[in-house]
Structure formats: structure tokens, C-alpha cells
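Asker: Below is query_12.csv; it holds CSV, C-alpha atoms.
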chain,number,residue,atom,x,y,z
H,3,LEU,CA,136.1,130.8,115.4
H,4,ILE,CA,138.3,132.8,113.0
H,5,ILE,CA,137.3,136.0,114.8
H,6,LEU,CA,138.1,134.4,118.2
H,7,PHE,CA,141.5,133.3,117.0
H,8,ILE,CA,142.2,136.8,115.7
H,9,VAL,CA,141.2,138.5,118.9
H,10,PHE,CA,142.6,136.0,121.5
H,11,GLY,CA,145.1,134.1,119.4
H,12,LEU,CA,145.5,130.3,119.0
H,13,PRO,CA,145.0,128.4,122.3
H,14,ASN,CA,148.0,126.5,123.8
H,15,GLN,CA,146.1,123.2,123.9
H,16,ILE,CA,144.9,123.2,120.2
H,17,SER,CA,145.6,119.5,119.8
H,18,THR,CA,143.5,118.6,122.9
H,19,ILE,CA,140.7,120.7,121.6
H,20,ILE,CA,140.8,119.1,118.2
H,21,GLY,CA,140.8,115.6,119.8
H,22,LEU,CA,137.8,116.4,122.0
H,23,ALA,CA,136.0,117.9,119.1
H,24,THR,CA,136.7,114.8,117.0
H,25,ALA,CA,135.6,112.5,119.8
H,26,GLY,CA,132.4,114.5,120.2
H,27,LEU,CA,131.6,114.3,116.5
H,28,THR,CA,132.3,110.5,116.5
H,29,VAL,CA,129.9,109.9,119.3
H,30,ALA,CA,127.2,112.2,117.8
H,31,LEU,CA,127.5,110.6,114.4
H,32,LYS,CA,128.0,107.0,115.6
H,33,ASP,CA,124.7,105.8,114.1
H,34,PHE,CA,125.5,107.3,110.7
H,35,ILE,CA,129.0,105.9,110.7
H,36,VAL,CA,127.8,102.4,111.6
H,37,ALA,CA,125.0,102.7,109.0
H,38,PHE,CA,127.6,103.6,106.3
H,39,PHE,CA,129.6,100.5,107.1
H,40,GLY,CA,126.4,98.4,107.3
H,41,TRP,CA,125.7,99.4,103.7
H,42,PHE,CA,128.9,97.6,102.6
H,43,ALA,CA,127.7,94.5,104.5
H,44,LEU,CA,124.3,94.6,102.8
H,45,ILE,CA,125.6,94.9,99.3
H,46,GLY,CA,128.1,92.1,99.8
H,47,LYS,CA,127.9,88.5,98.8
H,48,ASN,CA,125.7,87.4,101.7
H,49,GLY,CA,123.7,90.6,101.9
H,50,MET,CA,120.4,91.5,100.2
H,51,ARG,CA,119.2,92.7,96.9
H,52,ILE,CA,116.2,94.7,95.6
H,53,GLY,CA,113.2,92.3,95.5
H,54,ASP,CA,114.4,90.0,98.3
H,55,TRP,CA,111.9,88.9,101.0
H,56,VAL,CA,113.5,89.8,104.4
H,57,GLU,CA,112.6,90.2,108.0
H,58,ILE,CA,114.3,93.1,109.9
H,59,GLU,CA,113.7,93.7,113.6
H,60,GLY,CA,110.4,91.6,113.4
H,61,VAL,CA,109.1,93.4,110.3
H,62,GLY,CA,108.8,91.4,107.1
H,63,GLY,CA,108.6,92.7,103.6
H,64,GLU,CA,110.1,93.1,100.2
H,65,VAL,CA,113.2,95.2,99.7
H,66,ILE,CA,112.5,98.2,97.5
H,67,GLU,CA,115.5,100.4,98.2
H,68,ILE,CA,119.0,99.9,99.7
H,69,GLY,CA,120.6,103.3,100.3
H,70,ILE,CA,123.9,104.3,101.8
H,71,LEU,CA,122.3,105.0,105.2
H,72,LYS,CA,118.9,103.3,105.2
H,73,THR,CA,117.0,100.3,103.7
H,74,VAL,CA,113.3,100.5,102.8
H,75,LEU,CA,110.9,97.6,102.8
H,76,LEU,CA,107.4,97.3,101.4
H,77,GLU,CA,105.8,95.7,104.5
H,78,MET,CA,104.1,92.3,103.9
H,79,GLY,CA,102.8,91.8,107.4
H,80,ASN,CA,103.8,88.9,109.7
H,81,TRP,CA,105.0,85.7,107.9
H,82,THR,CA,102.3,83.7,109.6
H,83,ASN,CA,99.6,85.8,107.9
H,84,THR,CA,98.8,85.9,104.2
H,85,GLY,CA,101.8,87.8,103.2
H,86,HIS,CA,99.9,90.5,101.3
H,87,PRO,CA,101.3,94.0,101.2
H,88,THR,CA,100.0,96.3,103.9
H,89,GLY,CA,100.7,99.4,101.8
H,90,ARG,CA,103.3,100.8,104.3
H,91,ARG,CA,106.9,101.6,103.6
H,92,VAL,CA,109.2,100.9,106.5
H,93,SER,CA,112.7,102.4,106.7
H,94,PHE,CA,115.6,101.0,108.7
H,95,ILE,CA,119.0,102.6,109.4
H,96,ASN,CA,121.6,100.3,108.0
H,97,LYS,CA,123.3,99.8,111.4
H,98,PHE,CA,121.1,96.7,111.9
H,99,ALA,CA,123.4,94.9,109.5
H,100,ILE,CA,126.3,95.4,112.0
H,101,GLU,CA,124.7,95.5,115.4
H,102,ASN,CA,121.7,93.2,115.0
H,103,HIS,CA,120.6,90.5,112.7
H,104,TYR,CA,118.1,90.0,109.9
H,105,PHE,CA,116.5,87.1,108.0
H,106,ASN,CA,116.7,86.8,104.2
H,107,PHE,CA,114.2,84.3,102.8
H,108,SER,CA,115.3,85.0,99.2
H,109,THR,CA,118.1,82.4,99.1
H,110,GLU,CA,118.9,80.4,96.0
H,111,GLY,CA,115.6,78.6,96.1
H,112,GLN,CA,113.7,81.1,98.3
H,113,TRP,CA,112.6,78.3,100.6
H,114,LEU,CA,110.8,78.7,103.9
H,115,TRP,CA,108.7,76.5,106.2
H,116,ASP,CA,105.0,77.3,106.5
H,117,GLU,CA,102.3,76.0,108.7
H,118,LEU,CA,98.7,74.8,108.2
H,119,LYS,CA,96.7,74.5,111.5
H,120,MET,CA,93.5,72.6,112.1
H,121,THR,CA,91.5,71.3,115.1
H,122,LEU,CA,90.5,67.6,115.1
H,123,PRO,CA,87.9,66.2,117.4
H,124,ASN,CA,89.4,64.1,120.2
H,125,THR,CA,88.3,60.7,119.0
H,126,SER,CA,90.0,57.5,118.0
H,127,SER,CA,89.9,58.5,114.3
H,128,ALA,CA,91.8,61.8,114.9
H,129,TYR,CA,95.3,60.2,114.6
H,130,GLN,CA,94.2,58.4,111.4
H,131,MET,CA,92.9,61.7,110.0
H,132,ALA,CA,96.1,63.5,110.9
H,133,THR,CA,98.1,60.8,109.0
H,134,GLN,CA,95.9,61.2,106.0
H,135,ILE,CA,96.3,65.0,106.1
H,136,ARG,CA,100.1,64.6,106.3
H,137,ASP,CA,100.1,62.2,103.3
H,138,THR,CA,98.0,64.7,101.3
H,139,VAL,CA,100.3,67.6,102.1
H,140,GLU,CA,103.3,65.5,101.3
H,141,LYS,CA,101.8,64.6,97.9
H,142,GLU,CA,100.9,68.2,97.1
H,143,THR,CA,104.4,69.6,98.1
H,144,ALA,CA,106.5,66.7,96.8
H,145,ALA,CA,108.0,68.6,93.9
H,146,ASP,CA,109.0,71.6,96.1
H,147,ALA,CA,110.4,69.3,98.7
H,148,ARG,CA,112.6,67.5,96.1
H,149,LEU,CA,113.9,70.8,94.7
H,150,ALA,CA,114.6,72.2,98.2
H,151,GLU,CA,116.6,69.1,99.2
H,152,GLN,CA,118.6,69.4,96.0
H,153,ASP,CA,119.4,73.1,96.8
H,154,TRP,CA,120.2,72.3,100.4
H,155,ALA,CA,122.4,69.4,99.3
H,156,ARG,CA,124.6,71.8,97.4
H,157,VAL,CA,124.9,74.1,100.4
H,158,THR,CA,125.6,71.4,102.9
H,159,HIS,CA,128.2,69.8,100.6
H,160,GLN,CA,129.9,73.2,100.2
H,161,TYR,CA,130.1,73.9,103.9
H,162,GLY,CA,130.4,70.3,105.1
H,163,THR,CA,127.2,70.2,107.2
H,164,ARG,CA,124.6,67.5,107.4
H,165,GLN,CA,121.8,67.4,104.8
H,166,PHE,CA,118.3,68.4,105.8
H,167,SER,CA,115.0,66.7,105.0
H,168,ALA,CA,112.1,68.7,103.4
H,169,LYS,CA,109.3,66.2,104.1
H,170,PRO,CA,106.3,67.7,105.9
H,171,ALA,CA,105.6,66.8,109.5
H,172,VAL,CA,102.5,66.8,111.7
H,173,ASP,CA,102.5,67.9,115.3
H,174,LEU,CA,99.5,67.0,117.5
H,175,ARG,CA,98.7,69.0,120.6
H,176,PRO,CA,95.8,68.7,123.0
H,177,SER,CA,93.5,71.7,123.1
H,178,ALA,CA,90.2,72.7,124.7
H,179,ASN,CA,88.2,71.7,121.5
H,180,GLY,CA,90.1,68.5,120.7
H,181,LEU,CA,93.5,67.9,119.1
H,182,GLU,CA,95.3,70.7,117.4
H,183,ALA,CA,97.2,69.5,114.3
H,184,ILE,CA,100.0,71.6,113.0
H,185,VAL,CA,101.3,70.6,109.5
H,186,ARG,CA,104.7,72.1,108.6
H,187,TYR,CA,105.8,72.0,104.9
H,188,ILE,CA,108.3,73.6,102.7
H,189,THR,CA,107.4,76.2,100.1
H,190,ARG,CA,108.9,79.1,98.1
H,191,ALA,CA,108.5,82.5,99.8
H,192,PRO,CA,106.7,84.3,96.9
H,193,GLN,CA,104.2,81.4,96.4
H,194,ARG,CA,103.5,80.6,100.0
H,195,TYR,CA,99.9,82.0,100.0
H,196,GLU,CA,99.0,80.2,96.8
H,197,VAL,CA,100.4,76.9,98.2
H,198,LYS,CA,98.5,77.3,101.4
H,199,SER,CA,95.2,77.9,99.5
H,200,ARG,CA,95.8,74.8,97.4
H,201,LEU,CA,96.5,72.7,100.5
H,202,PHE,CA,93.5,74.1,102.2
H,203,GLU,CA,91.3,73.0,99.3
H,204,ALA,CA,93.0,69.5,99.3
H,205,VAL,CA,92.4,69.1,103.1
H,206,VAL,CA,88.7,70.1,102.7
H,207,ASP,CA,88.2,67.5,99.9
H,208,LEU,CA,89.9,64.9,102.1
H,209,VAL,CA,87.6,65.6,105.0
H,210,HIS,CA,84.5,65.5,102.7
H,211,MET,CA,85.6,62.1,101.3
H,212,ALA,CA,86.3,60.6,104.7
H,213,ALA,CA,83.2,62.0,106.4
H,214,PRO,CA,80.8,59.2,105.4
H,215,ASP,CA,83.1,56.4,106.6
H,216,SER,CA,84.6,58.2,109.6
H,217,ARG,CA,83.4,58.2,113.2
H,218,LEU,CA,84.2,61.9,113.7
H,219,ASP,CA,81.5,63.7,115.6
H,220,GLN,CA,82.4,66.9,113.8
H,221,PRO,CA,84.6,67.9,110.9
H,222,PRO,CA,88.0,69.4,111.5
H,223,VAL,CA,88.4,73.2,111.7
H,224,VAL,CA,91.2,74.4,109.4
H,225,ASP,CA,93.0,77.6,110.3
H,226,ARG,CA,94.5,79.3,107.3
Go ahead and express the file in the form of C-alpha cells.
Answerer:
Amino acid sequence: LIILFIVFGLPNQISTIIGLATAGLTVALKDFIVAFFGWFALIGKNGMRIGDWVEIEGVGGEVIEIGILKTVLLEMGNWTNTGHPTGRRVSFINKFAIENHYFNFSTEGQWLWDELKMTLPNTSSAYQMATQIRDTVEKETAADARLAEQDWARVTHQYGTRQFSAKPAVDLRPSANGLEAIVRYITRAPQRYEVKSRLFEAVVDLVHMAAPDSRLDQPPVVDR
């Protein structure tokens, strides 16, 4: 450029050329510029921190790096699975904090809703068994539900919204093999797999205790 300016001199429309060049650079570097401002959003009060459990663009994992231009997760698989690390590191350009959305499960109490699925035979005792399973889950998660409601009460009081209930619920749906029972309960994100294993054992014990006196043709099938 210096040689061209020496040979031909400065062009008459230098301001136009500078404007076009600036616009071209802005378009070419748009993703990096948005990512830079996204970094400020991520390190803010309602952003994320190292060690948080988040879900970005459908990928869940633990935050291990928050850079100026990108965020790196240790993938934990889908939240409906066991939540064990897959061994893969996933990088995201920080523009998702501006242009898209993300979920951060590491709130004050790190609470999330998990599910326990099972198939009950379509008999008259199925609804009674579903009620017993709900009571068992409610007993096992009573301490977590109480703490979650206390945390949510502080948040709802601060923002003036209605208070939520953390009691487990059972949803019965007809299926080809009988009735599909889906139990939703509250748990902490880091302990969700341990809680699910404990609930699975409690449900199996309940089925074994009820088997001699029940009229079920076959035991329920629990999907972990």
C-alpha cells in the first residue's frame, strides 16, 4: 500500500475507501466481536463460573474454561442419562451468550427436576402401586424438597413471583405393555445419579414387599 501511494499518490476518495474497509472488517470479524462482548455477559452476575453444570446448544457438561472468545465444557452427556463424563471437551464461541440461550443448573442450590420411569401392568392394582411409589419417592427426597422450596422462596420473594412446590409427582400414561409411570422429583445436579440409584433400590424393595399381597401379574419394569 505504501508503494502504491508513492507511485500513484493518495486517492481522492480516501474516506470512502477507509469506510468500506472498516465495514468489510466488521462483517468478517462479526463472530469474534460478538464473542468478545459475550464474554462480558458470561462473567457477569447472572453468567457462569468454572465448575458450573450447564447446557449450551443441547450439549450438557461442566464448565472447565471461560476464555475471552470461547467457553470449554467437559461433556456429561444428555441430562436424561447417567450424567457421567464422556471424555470429550466441547468448545463454544461465546457469541451464544448474546445471540442464543443457555441453561445453568448451578444456581444457588443447584436444583433440577429428574425422572424415574417404570412400566406397571395394566391391572386394578396399578394405580395403588403408583401411589405407593410416589409416597416412597417423596419420603426419600423430602429433605432436598424442603431445602429447594426454601431457596426458591428467597428468589420468589426477591422478584415478586409465586412460590413453587418441590413435591414429587407421578404421571401415568398408557403404553403397549401396560401403564407407564413417570415420577418427577427434585434433586441437586451433582448428586442426581446417586439419588436415582437410591430411589431405584427403594422402588425395587417396595415391589418385593408388595408382591405377595398384590394382584399384579408381573412386576413393574423400572427404567433408570
Asker: From the list H:Asn124, H:Gln134, H:Gln112, H:Asn106, which residue is nearest Ile58 of chain H when using only C-alpha atoms?
Answerer: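 Between H:Asn124, H:Gln134, H:Gln112, H:Asn106, the residue approaching Ile58 of chain H most closely is H:Asn106.
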Asker: Can you tell me, as a list in words, what residues are no more than 12 Å from Tyr129 of chain H when counting only C-alpha atoms, ignoring any on the same chain fewer than 4 positions away?
Answerer: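 Listing them by chain and then by number gives Thr121, Leu122, Pro123, Asn124, Thr125, Thr133, Gln134, Ile135, Arg136, Val172, Asp173, Leu174, Arg175, Pro176, Gly180, Leu181, Glu182, Ala183, Ser216 and Leu218 of chain H.
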Asker: Write out as a list in words the residues lying within 7 Å of Gly40 of chain H, counting only C-alpha atoms and excluding same-chain residues fewer than 2 positions away.
Answerer: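 The filter keeps Val36, Ala37, Phe38, Phe42, Ala43, Leu44, Asn96, Lys97, Ala99 and Ile100 of chain H.
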Asker: Please produce a file of the residues just selected, as an mmCIF file, in the frame of the given file, where the atoms kept are C-alpha atoms.
Answerer:
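What follows is the written file again_12.cif:
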data_model
loop_
_atom_site.group_PDB
_atom_site.id
_atom_site.type_symbol
_atom_site.label_atom_id
_atom_site.label_comp_id
_atom_site.auth_asym_id
_atom_site.auth_seq_id
_atom_site.Cartn_x
_atom_site.Cartn_y
_atom_site.Cartn_z
ATOM 1 C CA VAL H 36 127.800 102.400 111.600
ATOM 2 C CA ALA H 37 125.000 102.700 109.000
ATOM 3 C CA PHE H 38 127.600 103.600 106.300
ATOM 4 C CA PHE H 42 128.900 97.600 102.600
ATOM 5 C CA ALA H 43 127.700 94.500 104.500
ATOM 6 C CA LEU H 44 124.300 94.600 102.800
ATOM 7 C CA ASN H 96 121.600 100.300 108.000
ATOM 8 C CA LYS H 97 123.300 99.800 111.400
ATOM 9 C CA ALA H 99 123.400 94.900 109.500
ATOM 10 C CA ILE H 100 126.300 95.400 112.000
#
Asker: Mind pulling up the distance from atom CA of Leu3 of chain H to atom CA of Leu27 of chain H?
Answerer: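 Atom-to-atom, atom CA of Leu27 of chain H and atom CA of Leu3 of chain H are spaced 17.1 Å apart.
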Asker: Quick one: distance from atom CA of Glu59 of chain H to atom CA of Val74 of chain H in Å, one decimal?
Answerer: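 Between these atoms lies a distance of 12.8 Å.
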Asker: For each of H:Ala144, H:Met120, H:Val209, H:Ile4, take the minimum atom-to-atom distance to Asn179 of chain H, counting only C-alpha atoms, then give the residue where this is smallest.
Answerer: H:Met120
Asker: Figure out the distance between atom CA of Asp54 of chain H and atom CA of Asp33 of chain H, please, to one decimal in Å.
Answerer: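 For atom CA of Asp33 of chain H relative to atom CA of Asp54 of chain H, the distance reads 24.6 Å.
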Asker: Please identify all polymer residues within 8 Å of Val56 of chain H, counting all atoms listed in the file, omitting same-chain residues fewer than 4 positions from it, and present them as a PDB file with C-alpha atoms, in the frame of the given file.
Answerer:
ATOM      1  CA  GLY H  62     108.800  91.400 107.100  1.00  0.00           C
ATOM      2  CA  GLY H  63     108.600  92.700 103.600  1.00  0.00           C
ATOM      3  CA  GLU H  64     110.100  93.100 100.200  1.00  0.00           C
ATOM      4  CA  VAL H  65     113.200  95.200  99.700  1.00  0.00           C
ATOM      5  CA  TYR H 104     118.100  90.000 109.900  1.00  0.00           C
ATOM      6  CA  PHE H 105     116.500  87.100 108.000  1.00  0.00           C
ATOM      7  CA  ASN H 106     116.700  86.800 104.200  1.00  0.00           C
ATOM      8  CA  PHE H 107     114.200  84.300 102.800  1.00  0.00           C
ATOM      9  CA  SER H 108     115.300  85.000  99.200  1.00  0.00           C
TER      10      SER H 108
END
Asker: Can you pull out the residues contacting Lys141 of chain H? Cut-off 12 Å, using all atoms listed in the file, and skip same-chain residues under 6 positions away; I want them as a list in words.
Answerer: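 Those residues are Gln134, Ile135, Ala147, Arg148, Lys169, Pro170, Tyr187, Arg200, Leu201, Ala204 and Val205 of chain H.
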Asker: Could you name the residues that touch Leu75 of chain H at 12 Å or less, counting only C-alpha atoms, but leaving out those on the same chain fewer than 3 positions away, as JSON, numbers by chain?
Answerer: {"H": [50, 51, 52, 53, 54, 55, 56, 57, 58, 59, 61, 62, 63, 64, 65, 66, 67, 68, 69, 72, 78, 79, 87, 88, 89, 90, 91, 92, 93, 94, 95]}
Asker: Calculated over only C-alpha atoms, which of the candidates H:Phe98, H:Trp113, H:Phe39, H:Phe166 has the smallest distance to Ala191 of chain H?
Answerer: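 The closest residue to Ala191 of chain H is H:Trp113.
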Asker: Kindly add all heavy atoms to the incomplete segment 175-186 of chain H and provide the output as a PDB file, in the coordinates of the input.
Answerer:
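Result went into rebuild-v3.pdb, see below:
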ATOM      1  N   ARG H 175      98.735  68.429 119.266  1.00  0.00           N
ATOM      2  CA  ARG H 175      98.700  69.000 120.600  1.00  0.00           C
ATOM      3  C   ARG H 175      97.325  69.030 121.157  1.00  0.00           C
ATOM      4  O   ARG H 175      96.381  69.374 120.432  1.00  0.00           O
ATOM      5  CB  ARG H 175      99.293  70.447 120.568  1.00  0.00           C
ATOM      6  CG  ARG H 175     100.682  70.576 119.959  1.00  0.00           C
ATOM      7  CD  ARG H 175     101.089  72.023 119.828  1.00  0.00           C
ATOM      8  NE  ARG H 175     102.385  72.156 119.167  1.00  0.00           N
ATOM      9  CZ  ARG H 175     102.931  73.345 118.850  1.00  0.00           C
ATOM     10  NH1 ARG H 175     102.284  74.465 119.153  1.00  0.00           N
ATOM     11  NH2 ARG H 175     104.112  73.378 118.251  1.00  0.00           N
ATOM     12  N   PRO H 176      97.154  68.668 122.415  1.00  0.00           N
ATOM     13  CA  PRO H 176      95.800  68.700 123.000  1.00  0.00           C
ATOM     14  C   PRO H 176      95.349  70.165 123.182  1.00  0.00           C
ATOM     15  O   PRO H 176      96.140  71.045 123.507  1.00  0.00           O
ATOM     16  CB  PRO H 176      95.986  68.017 124.346  1.00  0.00           C
ATOM     17  CG  PRO H 176      97.439  68.155 124.670  1.00  0.00           C
ATOM     18  CD  PRO H 176      98.164  68.142 123.358  1.00  0.00           C
ATOM     19  N   SER H 177      94.072  70.402 122.963  1.00  0.00           N
ATOM     20  CA  SER H 177      93.500  71.700 123.100  1.00  0.00           C
ATOM     21  C   SER H 177      92.112  71.578 123.767  1.00  0.00           C
ATOM     22  O   SER H 177      91.615  70.463 123.967  1.00  0.00           O
ATOM     23  CB  SER H 177      93.399  72.476 121.802  1.00  0.00           C
ATOM     24  OG  SER H 177      92.526  71.814 120.919  1.00  0.00           O
ATOM     25  N   ALA H 178      91.466  72.700 124.041  1.00  0.00           N
ATOM     26  CA  ALA H 178      90.200  72.700 124.700  1.00  0.00           C
ATOM     27  C   ALA H 178      89.086  72.075 123.784  1.00  0.00           C
ATOM     28  O   ALA H 178      88.117  71.479 124.263  1.00  0.00           O
ATOM     29  CB  ALA H 178      89.761  74.092 125.110  1.00  0.00           C
ATOM     30  N   ASN H 179      89.249  72.207 122.458  1.00  0.00           N
ATOM     31  CA  ASN H 179      88.200  71.700 121.500  1.00  0.00           C
ATOM     32  C   ASN H 179      88.575  70.384 120.900  1.00  0.00           C
ATOM     33  O   ASN H 179      87.839  69.907 120.038  1.00  0.00           O
ATOM     34  CB  ASN H 179      88.055  72.762 120.399  1.00  0.00           C
ATOM     35  CG  ASN H 179      87.578  74.098 120.928  1.00  0.00           C
ATOM     36  OD1 ASN H 179      86.790  74.148 121.862  1.00  0.00           O
ATOM     37  ND2 ASN H 179      88.068  75.184 120.337  1.00  0.00           N
ATOM     38  N   GLY H 180      89.693  69.784 121.284  1.00  0.00           N
ATOM     39  CA  GLY H 180      90.100  68.500 120.700  1.00  0.00           C
ATOM     40  C   GLY H 180      91.578  68.393 120.587  1.00  0.00           C
ATOM     41  O   GLY H 180      92.323  68.687 121.531  1.00  0.00           O
ATOM     42  N   LEU H 181      92.052  68.004 119.398  1.00  0.00           N
ATOM     43  CA  LEU H 181      93.500  67.900 119.100  1.00  0.00           C
ATOM     44  C   LEU H 181      93.827  68.932 118.043  1.00  0.00           C
ATOM     45  O   LEU H 181      93.199  68.987 116.985  1.00  0.00           O
ATOM     46  CB  LEU H 181      93.828  66.501 118.607  1.00  0.00           C
ATOM     47  CG  LEU H 181      93.758  65.368 119.630  1.00  0.00           C
ATOM     48  CD1 LEU H 181      94.073  64.032 118.967  1.00  0.00           C
ATOM     49  CD2 LEU H 181      94.728  65.624 120.779  1.00  0.00           C
ATOM     50  N   GLU H 182      94.835  69.727 118.322  1.00  0.00           N
ATOM     51  CA  GLU H 182      95.300  70.700 117.400  1.00  0.00           C
ATOM     52  C   GLU H 182      96.426  70.119 116.533  1.00  0.00           C
ATOM     53  O   GLU H 182      97.466  69.732 117.063  1.00  0.00           O
ATOM     54  CB  GLU H 182      95.803  71.979 118.078  1.00  0.00           C
ATOM     55  CG  GLU H 182      96.213  73.081 117.110  1.00  0.00           C
ATOM     56  CD  GLU H 182      96.721  74.315 117.838  1.00  0.00           C
ATOM     57  OE1 GLU H 182      97.465  74.143 118.826  1.00  0.00           O
ATOM     58  OE2 GLU H 182      96.391  75.430 117.418  1.00  0.00           O
ATOM     59  N   ALA H 183      96.194  70.015 115.235  1.00  0.00           N
ATOM     60  CA  ALA H 183      97.200  69.500 114.300  1.00  0.00           C
ATOM     61  C   ALA H 183      97.867  70.602 113.566  1.00  0.00           C
ATOM     62  O   ALA H 183      97.204  71.442 112.955  1.00  0.00           O
ATOM     63  CB  ALA H 183      96.517  68.512 113.321  1.00  0.00           C
ATOM     64  N   ILE H 184      99.192  70.619 113.632  1.00  0.00           N
ATOM     65  CA  ILE H 184     100.000  71.600 113.000  1.00  0.00           C
ATOM     66  C   ILE H 184     100.855  70.929 111.914  1.00  0.00           C
ATOM     67  O   ILE H 184     101.710  70.121 112.256  1.00  0.00           O
ATOM     68  CB  ILE H 184     100.870  72.427 113.938  1.00  0.00           C
ATOM     69  CG1 ILE H 184      99.998  73.074 115.014  1.00  0.00           C
ATOM     70  CG2 ILE H 184     101.686  73.471 113.210  1.00  0.00           C
ATOM     71  CD1 ILE H 184     100.798  73.802 116.079  1.00  0.00           C
ATOM     72  N   VAL H 185     100.610  71.218 110.645  1.00  0.00           N
ATOM     73  CA  VAL H 185     101.300  70.600 109.500  1.00  0.00           C
ATOM     74  C   VAL H 185     102.374  71.616 109.049  1.00  0.00           C
ATOM     75  O   VAL H 185     102.008  72.718 108.630  1.00  0.00           O
ATOM     76  CB  VAL H 185     100.412  70.179 108.406  1.00  0.00           C
ATOM     77  CG1 VAL H 185     101.194  69.448 107.326  1.00  0.00           C
ATOM     78  CG2 VAL H 185      99.279  69.311 108.930  1.00  0.00           C
ATOM     79  N   ARG H 186     103.653  71.237 109.106  1.00  0.00           N
ATOM     80  CA  ARG H 186     104.700  72.100 108.600  1.00  0.00           C
ATOM     81  C   ARG H 186     105.223  71.518 107.275  1.00  0.00           C
ATOM     82  O   ARG H 186     105.479  70.322 107.164  1.00  0.00           O
ATOM     83  CB  ARG H 186     105.877  72.165 109.605  1.00  0.00           C
ATOM     84  CG  ARG H 186     105.521  72.962 110.857  1.00  0.00           C
ATOM     85  CD  ARG H 186     106.654  72.948 111.869  1.00  0.00           C
ATOM     86  NE  ARG H 186     107.909  73.394 111.299  1.00  0.00           N
ATOM     87  CZ  ARG H 186     108.275  74.667 111.180  1.00  0.00           C
ATOM     88  NH1 ARG H 186     107.447  75.617 111.575  1.00  0.00           N
ATOM     89  NH2 ARG H 186     109.430  74.994 110.656  1.00  0.00           N
TER      90      ARG H 186
END
